[in-house]
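Visitor: What follows is upload-v5.cif, made up of mmCIF, C-alpha atoms:
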data_start
#
loop_
_atom_site.label_atom_id
_atom_site.label_comp_id
_atom_site.auth_asym_id
_atom_site.auth_seq_id
_atom_site.Cartn_x
_atom_site.Cartn_y
_atom_site.Cartn_z
CA MET I 531 99.39 106.71 100.86
CA PHE I 532 98.53 109.44 103.38
CA LEU I 533 95.00 110.54 104.15
CA ARG I 534 94.97 114.16 103.02
CA ASN I 535 91.48 115.51 103.66
CA TYR I 536 91.91 115.74 107.42
CA TRP I 537 93.16 118.31 109.89
CA TYR I 538 96.56 117.40 111.31
CA VAL I 539 98.54 119.00 114.11
CA ALA I 540 101.54 120.67 112.47
CA ALA I 541 103.19 122.56 115.31
CA THR I 542 102.69 123.98 118.77
CA ASP I 543 101.52 127.59 119.07
CA THR I 544 104.96 128.60 120.36
CA ASP I 545 106.80 126.94 117.45
CA VAL I 546 105.29 129.40 115.00
CA GLY I 547 106.22 133.06 115.25
CA ARG I 548 107.89 135.77 113.24
CA LYS I 549 110.78 133.51 112.24
CA PRO I 550 109.98 131.04 109.41
CA PHE I 551 109.46 127.56 110.88
CA PRO I 552 110.00 124.56 108.55
CA ARG I 553 108.32 121.19 108.95
CA THR I 554 107.70 118.29 106.59
CA ILE I 555 104.07 117.13 106.72
CA LEU I 556 102.78 114.12 104.74
CA GLY I 557 106.01 114.21 102.74
CA GLU I 558 105.61 117.86 101.74
CA PRO I 559 107.94 120.67 102.89
CA VAL I 560 105.90 123.37 104.65
CA VAL I 561 106.99 126.66 106.19
CA PHE I 562 104.97 128.37 108.91
CA PHE I 563 105.04 131.94 110.15
CA ARG I 564 102.78 134.51 111.73
CA THR I 565 101.72 137.72 110.06
CA GLU I 566 102.19 140.97 111.96
CA ASP I 567 98.69 140.60 113.47
CA GLY I 568 99.61 137.10 114.77
CA THR I 569 97.69 135.03 112.23
CA PRO I 570 99.47 131.74 111.41
CA VAL I 571 100.20 131.08 107.74
CA ALA I 572 101.53 127.95 105.99
CA PHE I 573 103.30 127.88 102.61
CA GLU I 574 104.94 125.22 100.54
CA ASP I 575 108.56 125.48 101.70
CA ARG I 576 109.97 125.75 98.19
CA CYS I 577 110.58 128.94 96.29
CA ALA I 578 108.82 129.03 92.91
CA HIS I 579 112.09 130.18 91.34
CA ARG I 580 114.89 127.70 92.17
CA HIS I 581 113.28 125.66 94.95
CA LEU I 582 115.35 126.91 97.88
CA PRO I 583 113.36 126.33 101.10
CA LEU I 584 111.62 129.61 101.87
CA SER I 585 112.20 128.85 105.55
CA MET I 586 115.83 129.90 104.95
CA GLY I 587 114.56 133.37 104.14
CA LYS I 588 113.10 136.09 106.36
CA LEU I 589 109.91 138.01 106.91
CA VAL I 590 109.63 141.53 105.54
CA GLY I 591 106.39 142.79 107.04
CA ASP I 592 103.86 140.11 106.06
CA ARG I 593 105.93 139.00 103.08
CA LEU I 594 108.26 136.00 103.12
CA GLN I 595 111.48 136.80 101.28
CA CYS I 596 113.53 134.04 99.69
CA HIS I 597 117.13 133.85 100.93
CA TYR I 598 118.50 133.14 97.44
CA HIS I 599 117.35 135.95 95.09
CA GLY I 600 115.05 138.00 97.32
CA LEU I 601 111.71 137.12 95.74
CA GLN I 602 108.93 138.14 98.10
CA PHE I 603 105.65 136.23 98.57
CA ASP I 604 102.59 137.72 100.25
CA LYS I 605 100.40 135.79 102.67
CA THR I 606 98.32 134.37 99.80
CA GLY I 607 101.46 132.77 98.35
CA HIS I 608 101.71 135.12 95.35
CA CYS I 609 105.07 136.55 94.41
CA VAL I 610 104.76 140.33 94.72
CA ARG I 611 108.37 141.38 94.24
CA ILE I 612 111.29 140.23 92.09
CA PRO I 613 114.36 142.39 92.65
CA GLY I 614 115.47 144.12 89.45
CA GLN I 615 112.36 143.09 87.52
CA ASP I 616 109.00 144.84 87.13
CA GLN I 617 107.17 142.00 85.41
CA ILE I 618 106.05 139.18 87.72
CA PRO I 619 105.15 135.92 85.93
CA PRO I 620 101.56 134.83 86.72
CA ASN I 621 102.76 131.41 87.90
CA ALA I 622 105.21 132.96 90.38
CA LYS I 623 103.38 131.66 93.44
CA VAL I 624 103.68 128.98 96.08
CA LYS I 625 101.02 126.64 97.43
CA THR I 626 99.35 127.74 100.66
CA TYR I 627 97.56 125.53 103.17
CA PRO I 628 94.55 126.24 105.43
CA VAL I 629 95.69 126.57 109.05
CA VAL I 630 93.80 127.00 112.33
CA GLU I 631 95.19 127.70 115.79
CA ARG I 632 93.32 125.70 118.44
CA TYR I 633 94.11 123.98 121.76
CA HIS I 634 97.64 125.54 121.69
CA TRP I 635 98.36 123.68 118.46
CA ILE I 636 98.62 124.86 114.85
CA TRP I 637 96.43 122.61 112.68
CA ILE I 638 96.96 122.20 108.94
CA TRP I 639 94.77 120.84 106.13
CA MET I 640 96.91 119.14 103.47
CA GLY I 641 94.07 118.11 101.14
CA ASP I 642 91.51 119.95 99.03
CA PRO I 643 91.25 123.45 100.59
CA ALA I 644 87.56 123.64 99.68
CA LEU I 645 86.88 120.83 102.17
CA ALA I 646 88.78 122.41 105.08
CA ASP I 647 86.03 122.90 107.66
CA PRO I 648 87.46 123.92 111.08
CA ASP I 649 84.46 122.25 112.76
CA LYS I 650 86.06 118.93 111.78
CA ILE I 651 89.05 119.52 114.06
CA THR I 652 89.20 116.78 116.71
CA ASP I 653 88.37 118.00 120.21
CA PHE I 654 91.33 118.49 122.55
CA HIS I 655 89.69 121.11 124.78
CA TRP I 656 91.43 119.72 127.89
CA PHE I 657 94.51 121.74 126.96
CA ASP I 658 92.80 125.09 127.53
CA ASP I 659 89.91 124.18 129.82
CA PRO I 660 90.22 125.93 133.24
CA ASN I 661 88.74 122.82 134.90
CA TRP I 662 91.81 120.82 133.91
CA GLY I 663 95.52 121.07 134.61
CA ALA I 664 97.47 120.10 131.49
CA LYS I 665 100.90 120.01 129.93
CA ALA I 666 101.76 119.10 126.33
CA SER I 667 104.91 118.20 124.44
CA TYR I 668 106.29 117.00 121.12
CA LEU I 669 108.36 113.99 120.11
CA HIS I 670 109.95 113.29 116.76
CA VAL I 671 109.51 109.58 116.08
CA LYS I 672 111.50 107.49 113.60
CA SER I 673 108.61 105.26 112.62
CA ASN I 674 105.51 105.16 110.48
CA TRP I 675 102.58 106.92 112.18
CA GLN I 676 100.47 103.74 112.30
CA LEU I 677 102.93 102.06 114.65
CA VAL I 678 102.23 104.84 117.16
CA VAL I 679 98.47 104.44 116.73
CA ASP I 680 98.83 100.66 117.20
CA ASN I 681 100.72 101.18 120.44
CA LEU I 682 98.19 103.57 121.95
CA LEU I 683 95.24 101.30 121.10
CA ASP I 684 96.84 98.35 122.83
CA LEU I 685 96.68 98.17 126.62
CA THR I 686 98.50 94.86 126.97
CA HIS I 687 101.94 96.24 126.06
CA LEU I 688 101.93 98.25 129.30
CA ALA I 689 102.92 95.17 131.27
CA PHE I 690 105.99 94.50 129.18
CA VAL I 691 107.27 97.73 127.63
CA HIS I 692 106.53 99.63 130.84
CA GLU I 693 107.35 96.83 133.27
CA THR I 694 109.32 99.14 135.55
CA THR I 695 107.12 102.22 135.21
CA ILE I 696 103.35 101.81 134.78
CA GLY I 697 102.87 98.15 133.82
CA ASN I 698 101.35 95.19 135.67
CA ALA I 699 101.78 91.80 133.98
CA ALA I 700 99.22 89.98 136.13
CA ARG I 701 96.50 92.47 135.20
CA ALA I 702 97.34 92.28 131.49
CA GLU I 703 96.97 88.49 131.42
CA HIS I 704 93.53 88.57 132.98
CA ALA I 705 92.00 91.62 131.34
CA VAL I 706 88.46 91.84 130.05
CA VAL I 707 88.44 94.33 127.21
CA LYS I 708 85.54 95.77 125.23
CA VAL I 709 86.17 97.10 121.71
CA THR I 710 83.40 99.21 120.20
CA ARG I 711 83.68 99.92 116.52
CA ALA I 712 81.67 102.62 114.74
CA PRO I 713 82.27 103.66 111.11
CA ASN I 714 84.88 106.28 112.05
CA ASN I 715 85.70 105.51 115.65
CA VAL I 716 87.11 102.77 117.83
CA VAL I 717 86.73 102.77 121.60
CA VAL I 718 88.67 100.28 123.73
CA THR I 719 87.35 100.04 127.27
CA ARG I 720 88.66 98.18 130.27
CA TRP I 721 87.28 98.23 133.81
CA ILE I 722 89.08 97.02 136.92
CA ILE I 723 86.44 96.71 139.61
CA ASP I 724 86.76 96.68 143.40
CA GLN I 725 90.55 96.69 143.69
CA ASP I 726 93.12 98.58 145.72
CA PRO I 727 93.95 101.92 144.11
CA PRO I 728 97.40 102.09 142.47
CA PRO I 729 99.88 104.29 144.38
CA THR I 730 99.61 107.25 142.00
CA PHE I 731 95.81 107.36 142.29
CA GLN I 732 95.89 106.82 146.05
CA LYS I 733 98.28 109.74 146.49
CA VAL I 734 95.97 112.23 144.77
CA GLY I 735 92.57 110.61 145.41
CA LYS I 736 93.10 109.70 149.10
CA PHE I 737 90.66 106.78 148.78
CA ALA I 738 89.46 105.09 151.99
CA GLY I 739 89.00 101.66 150.39
CA HIS I 740 88.75 99.86 147.08
CA VAL I 741 88.18 101.66 143.78
CA ASP I 742 86.66 101.02 140.37
CA ARG I 743 89.15 101.99 137.67
CA TRP I 744 88.65 102.66 133.99
CA GLN I 745 90.91 102.88 130.97
CA ILE I 746 89.06 104.12 127.90
CA ILE I 747 90.88 104.69 124.61
CA ASP I 748 89.01 106.77 122.06
CA TYR I 749 90.45 106.61 118.53
CA VAL I 750 89.46 109.04 115.79
CA PRO I 751 91.12 108.74 112.37
CA PRO I 752 93.58 109.37 111.02
CA ALA I 753 95.64 109.45 114.21
CA PHE I 754 94.01 111.01 117.25
CA LEU I 755 93.87 109.04 120.50
CA ARG I 756 92.32 110.37 123.67
CA LEU I 757 92.75 108.18 126.73
CA ASP I 758 90.42 108.59 129.68
CA VAL I 759 91.89 107.00 132.82
CA GLY I 760 90.62 107.28 136.36
CA ALA I 761 89.15 105.82 139.51
CA THR I 762 86.26 106.37 141.90
CA ALA I 763 85.37 104.66 145.18
CA THR I 764 83.86 101.23 144.54
CA GLY I 765 80.09 101.18 144.51
CA THR I 766 79.57 104.82 143.59
CA GLY I 767 78.40 103.97 140.07
CA ALA I 768 81.28 104.75 137.70
CA PRO I 769 80.79 101.61 135.54
CA GLU I 770 77.17 102.68 135.08
CA GLY I 771 78.29 106.14 133.93
CA LYS I 772 78.00 108.05 137.23
CA ARG I 773 81.41 109.35 138.25
CA VAL I 774 81.26 110.69 141.80
CA GLY I 775 84.45 112.25 143.16
CA GLY I 776 87.58 110.28 142.40
CA VAL I 777 90.28 111.27 139.96
CA THR I 778 90.41 111.44 136.18
CA MET I 779 93.32 111.95 133.82
CA ARG I 780 93.42 112.36 130.07
CA ASN I 781 96.32 111.28 127.94
CA LEU I 782 95.97 113.13 124.65
CA ASN I 783 97.74 112.19 121.44
CA ALA I 784 97.88 113.53 117.90
CA ILE I 785 100.20 111.87 115.42
CA THR I 786 101.06 113.53 112.12
CA PRO I 787 102.96 111.69 109.40
CA GLU I 788 106.19 113.40 108.41
CA THR I 789 107.23 110.77 105.87
CA GLU I 790 106.31 107.09 105.48
CA THR I 791 108.94 106.23 108.09
CA THR I 792 108.96 109.23 110.44
CA SER I 793 106.23 111.00 112.45
CA HIS I 794 105.48 114.07 114.50
CA TYR I 795 104.05 113.01 117.82
CA PHE I 796 102.16 115.69 119.75
CA TRP I 797 100.96 114.56 123.14
CA GLY I 798 99.95 115.82 126.53
CA GLN I 799 98.55 114.89 129.90
CA ALA I 800 95.60 116.51 131.69
CA HIS I 801 94.14 115.99 135.17
CA ASP I 802 90.92 117.12 136.86
CA PHE I 803 92.26 117.42 140.44
CA ASP I 804 94.31 120.22 141.99
CA VAL I 805 94.27 121.84 138.57
CA LYS I 806 96.18 125.00 139.50
CA ASN I 807 99.08 123.05 141.00
CA THR I 808 101.66 123.33 138.21
CA GLU I 809 104.20 121.30 140.20
CA LEU I 810 101.72 118.41 140.28
CA THR I 811 100.98 118.86 136.57
CA ASN I 812 104.71 118.68 135.85
CA ASN I 813 105.18 115.61 138.07
CA ILE I 814 102.37 113.70 136.34
CA PHE I 815 103.71 114.75 132.95
CA GLU I 816 107.25 113.60 133.80
CA GLN I 817 106.01 110.15 134.90
CA ILE I 818 104.08 109.64 131.68
CA GLN I 819 106.91 111.02 129.57
CA THR I 820 109.28 108.39 130.96
CA ALA I 821 106.87 105.70 129.73
CA PHE I 822 106.54 107.45 126.37
CA PHE I 823 110.29 107.35 125.82
CA GLU I 824 110.06 103.57 126.34
CA ASP I 825 107.40 103.45 123.61
CA VAL I 826 109.43 105.56 121.20
CA ALA I 827 112.31 103.08 121.49
CA VAL I 828 109.86 100.33 120.50
CA PHE I 829 108.46 102.18 117.44
CA SER I 830 111.92 102.98 116.15
CA ALA I 831 113.10 99.38 116.51
CA GLN I 832 109.96 98.07 114.78
CA GLN I 833 110.53 100.50 111.90
CA ARG I 834 114.14 99.37 111.48
CA ASN I 835 112.94 95.79 111.02
CA LEU I 836 110.13 96.88 108.70
CA ASP I 837 112.67 98.76 106.59
CA LEU I 838 114.80 95.61 106.28
CA ASN I 839 111.86 93.48 105.16
CA PRO I 840 108.56 95.31 104.68
CA ASN I 841 106.76 92.13 103.58
CA ALA I 842 107.70 89.84 106.46
CA PRO I 843 104.49 88.19 107.70
CA GLN I 844 102.91 89.27 111.00
CA ILE I 845 100.50 87.37 113.21
CA ASP I 846 97.54 88.84 115.07
CA ILE I 847 96.53 88.05 118.65
CA ASN I 848 93.34 88.82 120.61
CA ALA I 849 94.96 91.89 122.15
CA ASP I 850 95.20 93.41 118.66
CA THR I 851 91.43 93.70 118.31
CA GLY I 852 91.32 97.49 118.70
CA VAL I 853 94.37 97.90 116.45
CA ILE I 854 92.83 95.77 113.73
CA GLN I 855 89.56 97.72 113.81
CA ALA I 856 91.45 101.03 113.52
CA ARG I 857 93.48 99.71 110.60
CA ARG I 858 90.30 98.61 108.82
CA ILE I 859 88.85 102.10 109.19
CA ILE I 860 92.07 103.59 107.78
CA ASP I 861 92.05 101.15 104.85
CA ARG I 862 88.42 102.04 104.07
CA LEU I 863 89.10 105.79 104.28
CA ARG I 864 92.15 105.40 102.01
CA GLY I 865 89.97 103.61 99.46
CA GLU I 866 87.32 106.31 99.65
CA GLU I 867 89.86 109.12 99.27
CA ARG I 868 91.58 107.35 96.38
CA ALA I 869 88.23 106.88 94.62
CA ALA I 870 87.32 110.54 95.15
CA MET I 871 90.69 111.64 93.73
CA GLN I 872 90.29 109.39 90.69
CA MET I 873 86.80 110.78 90.10
CA THR I 874 88.09 114.36 90.33
CA ALA I 875 90.96 113.56 87.95
CA ALA I 876 88.53 112.01 85.45
CA GLU I 877 86.25 115.08 85.41
CA MET F 749 89.81 83.87 133.50
CA LYS F 750 92.38 84.91 130.92
CA PHE F 751 92.29 87.72 128.40
CA ARG F 752 88.85 88.10 126.83
CA VAL F 753 87.63 90.64 124.27
CA GLU F 754 84.08 91.81 123.65
CA LEU F 755 83.55 93.29 120.20
CA VAL F 756 80.66 95.68 119.60
CA TRP F 757 79.74 96.94 116.15
CA LYS F 758 77.76 100.18 115.97
CA ASP F 759 75.76 101.09 112.90
CA ASP F 760 75.50 104.78 111.99
CA SER F 761 72.76 104.37 109.39
CA GLY F 762 69.98 104.33 111.95
CA GLY F 763 69.85 100.57 112.24
CA GLU F 764 70.32 98.56 115.38
CA ASP F 765 73.74 97.87 116.85
CA ALA F 766 74.84 94.27 116.55
CA SER F 767 74.95 91.99 119.57
CA SER F 768 78.41 91.44 120.99
CA ILE F 769 81.02 89.02 119.66
CA TYR F 770 83.31 87.49 122.29
CA LEU F 771 86.88 86.34 121.60
CA THR F 772 88.25 84.07 124.30
CA SER F 773 91.78 83.16 125.25
CA ASP F 774 91.21 79.52 124.19
CA GLY F 775 90.60 80.65 120.61
CA ARG F 776 86.81 80.55 120.52
CA VAL F 777 84.52 83.14 118.91
CA ILE F 778 81.26 83.25 120.87
CA LEU F 779 78.14 84.79 119.35
CA GLN F 780 74.73 85.66 120.74
CA GLY F 781 71.65 84.24 119.04
CA GLN F 782 68.35 82.52 119.57
CA ALA F 783 68.32 78.76 120.07
CA ILE F 784 66.50 76.75 117.40
CA SER F 785 63.76 74.62 118.95
CA PRO F 786 63.11 70.98 117.94
CA GLU F 787 59.86 72.15 116.33
CA GLN F 788 61.65 74.75 114.24
CA ARG F 789 64.27 72.20 113.19
CA LYS F 790 61.55 69.88 112.03
CA ALA F 791 59.64 72.60 110.18
CA LEU F 792 62.77 73.92 108.48
CA LEU F 793 64.22 70.44 107.78
CA LEU F 794 67.36 71.30 109.80
CA PRO F 795 69.75 68.67 111.21
CA GLU F 796 68.65 67.24 114.54
CA GLU F 797 72.16 67.02 116.01
CA GLY F 798 74.24 69.78 117.59
CA ASP F 799 73.34 73.15 119.10
CA MET F 800 71.96 75.60 116.55
CA ILE F 801 71.23 79.29 116.85
CA SER F 802 69.81 81.94 114.56
CA ILE F 803 71.60 85.29 114.43
CA ASP F 804 70.40 88.54 112.94
CA LYS F 805 71.76 90.12 109.78
CA THR F 806 73.30 93.03 111.67
CA LEU F 807 75.54 90.58 113.45
CA ILE F 808 76.52 89.06 110.10
CA ARG F 809 77.53 92.56 108.93
CA ALA F 810 79.50 93.02 112.14
CA ILE F 811 81.30 89.69 111.63
CA LYS F 812 82.15 90.57 108.03
CA ASP F 813 83.35 94.00 109.04
CA MET F 814 85.25 93.17 112.19
CA LEU F 815 86.58 89.61 112.06
#
Can you turn what I pasted into structure tokens?
Guide:
Amino acid sequence: MFLRNYWYVAATDTDVGRKPFPRTILGEPVVFFRTEDGTPVAFEDRCAHRHLPLSMGKLVGDRLQCHYHGLQFDKTGHCVRIPGQDQIPPNAKVKTYPVVERYHWIWIWMGDPALADPDKITDFHWFDDPNWGAKASYLHVKSNWQLVVDNLLDLTHLAFVHETTIGNAARAEHAVVKVTRAPNNVVVTRWIIDQDPPPTFQKVGKFAGHVDRWQIIDYVPPAFLRLDVGATATGTGAPEGKRVGGVTMRNLNAITPETETTSHYFWGQAHDFDVKNTELTNNIFEQIQTAFFEDVAVFSAQQRNLDLNPNAPQIDINADTGVIQARRIIDRLRGEERAAMQMTAAE
Amino acid sequence: MKFRVELVWKDDSGGEDASSIYLTSDGRVILQGQAISPEQRKALLLPEEGDMISIDKTLIRAIKDML
């Protein structure tokens, strides 16, 4: 069961234009387009007549015309033209979805439209903040969305999945991790105090001596993970909350279920140093992307095994603490949404 | 020292946050609490043997919710 009453990232701002753009979200076919004034619109991607995907059609002004028999739907989803017929049946309409364009992403609300408050959109301001350099991308993942969330909440896999890129097995074995759980939030924090800076940080931070490093993973349901990673010179007060100089990067992730076994993975990387240097932004992005491809191979392989035997038992280890807390939040929210739907159905 | 996790449970209903729960690599769950004095043991008719602590109800909620 998908959580429906949440904003999800559906597409990038450049995906959606004057050509119908299809995408399956939470198991539903959706078509996106922009009206002539640039406003993004989302429809059910299924003609009310014979169910051809409307994304196979074309835009006529602000109307989406079906490729099969030419029925035209206005931006509210109502059929306003049937070729060769004056009378339009009152149920000749398609479902529309609330959409908002923010942080260079197109967000969609798949649940009750009356609850779609744009203020509830998770903050990803780093993508259009002039104080940050940032680059974003999209990956199609052949796995359930929760496997991606699990991966991002778990720091210990870095040493093994990313052994040749960003991992360090010795550090993983001796980590001290703090997991803070609030009703709708999990934060996993790890500090590495008074150590040599890693090469990537040294290159951009030009540190004279040891550094204090942090890795902070902030999880917001259903599937938003914002990683705060950085370093400052040891003794300047970062562990106490005072970041002086140093370097900070944000790894930003939004996962949207496509089906139960496939996901849309929107992600990006931001940095607070040399922010206008697009070559640097690209270099950082490329390094992280290499590691992400290693993760995607893991999710897909996990999903293949889950498909073969969904009920095979799993064990938990201490490193799963953040993952387990996130899964408990999801389970609770599923129960709450199910109860609300049953109550609505009973009324 | 091997891998060690500190768990913190935050209450959003205005109550106090629970004290931390520590999971250690040797499989122990370590809690914070107040030691029970010999006088308290006697007054409450508690066993004399073994270390005993009292923990607050917020921590019990945290344990139920998180472990």
Visitor: Using all atoms listed in the file, which chain F residues lie at most 10 Å away from chain I, written as an NGL selection string?
Guide: :F and (749-761 or 765 or 768-773 or 775 or 810 or 813-815)
Visitor: Written as a ChimeraX atom specification, what is the full residue list that the PyMOL selection byres ((chain I and resi 580-593) around 10) yields on the file shown?
Guide: /I:548-553,559-567,571,573-579,594-611,624
Visitor: For the structure shown, which residues end up in the PyMOL selection byres ((chain I and resi 824) around 12)? Put them as a list in words, please?
Guide: Val671, Asn681, His687, Leu688, Phe690, Val691, His692, Glu693, Thr694, Thr695, Ile696, Gly697, Gln817, Ile818, Gln819, Thr820, Ala821, Phe822, Phe823, Asp825, Val826, Ala827, Val828, Phe829, Ser830 and Ala831 of chain I
Visitor: Can you list, as a ChimeraX atom specification, the residues that the PyMOL selection byres ((chain I and resi 798-805) around 10) selects here?
Guide: /I:654,656-668,734-735,756-760,775-784,796-797,806-808,810-812,814-816,818-819
Visitor: Rounded to one decimal in Å, what is the spacing between atom CA of I:Thr764 and atom CA of I:Asp724?
Guide: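 Taking atom CA of I:Thr764 and atom CA of I:Asp724, their separation equals 5.5 Å.
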Visitor: What is the distance between atom CA of I:Thr652 and atom CA of I:Lys625, in Å to one decimal?
Guide: 24.7 Å
Visitor: What is the distance between atom CA of I:Ile860 and atom CA of I:Ala753, in Å to one decimal?
Guide: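 Taking atom CA of I:Ile860 and atom CA of I:Ala753, their separation equals 9.4 Å.
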Visitor: Name the residues within 9 Å of (68.0, 83.4, 116.6), counting all atoms listed in the file in the file's coordinates, and put them as an MDAnalysis selection string.
Guide: chainID F and resid 780:784 800:804
Visitor: Take every atom of stretch 754-764 of chain F listed in the file, fit an axis-aligned box around them, add 5 Å per side, and give the centre and edge lengths in Å to one decimal as AutoDock Vina command-line options.
Guide:
--center_x 77.0 --center_y 98.3 --center_z 116.5 --size_x 24.2 --size_y 23.0 --size_z 24.3
Visitor: For a quick check of understanding, using only C-alpha atoms, which of I:Ile845, I:Thr569, I:Leu682, I:Trp675 has the smallest distance to I:Pro628?
Guide: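 Once distances to I:Pro628 are computed over only C-alpha atoms, the minimum belongs to I:Thr569.
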Visitor: Just the residues within 12 Å of stretch 871-875 of chain I, please, counting all atoms listed in the file, with nothing from its chain fewer than 3 positions along; format it as number ranges by chain.
Guide: I: 533-535, 641-642, 864-868
Visitor: Could you dump the residues just selected with C-alpha atoms as an mmCIF file, in the frame of the given file?
Guide:
data_model
loop_
_atom_site.group_PDB
_atom_site.id
_atom_site.type_symbol
_atom_site.label_atom_id
_atom_site.label_comp_id
_atom_site.auth_asym_id
_atom_site.auth_seq_id
_atom_site.Cartn_x
_atom_site.Cartn_y
_atom_site.Cartn_z
ATOM 1 C CA LEU I 533 95.000 110.540 104.150
ATOM 2 C CA ARG I 534 94.970 114.160 103.020
ATOM 3 C CA ASN I 535 91.480 115.510 103.660
ATOM 4 C CA GLY I 641 94.070 118.110 101.140
ATOM 5 C CA ASP I 642 91.510 119.950 99.030
ATOM 6 C CA ARG I 864 92.150 105.400 102.010
ATOM 7 C CA GLY I 865 89.970 103.610 99.460
ATOM 8 C CA GLU I 866 87.320 106.310 99.650
ATOM 9 C CA GLU I 867 89.860 109.120 99.270
ATOM 10 C CA ARG I 868 91.580 107.350 96.380
#
Visitor: Residues at most 12 Å from F:Ser785, counting only C-alpha atoms, excluding those fewer than 6 positions away in the same chain, as JSON, numbers by chain?
Guide: {"F": [791, 792, 793, 794, 795, 796, 797, 798, 799, 800, 801, 802]}
Visitor: Between I:Ala876, I:Leu677, I:Ile555, I:Ala644, which is the closest to I:Arg834 once you count all atoms listed in the file?
Guide: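 Looking at the shortest contact to I:Arg834, the residue is I:Leu677.
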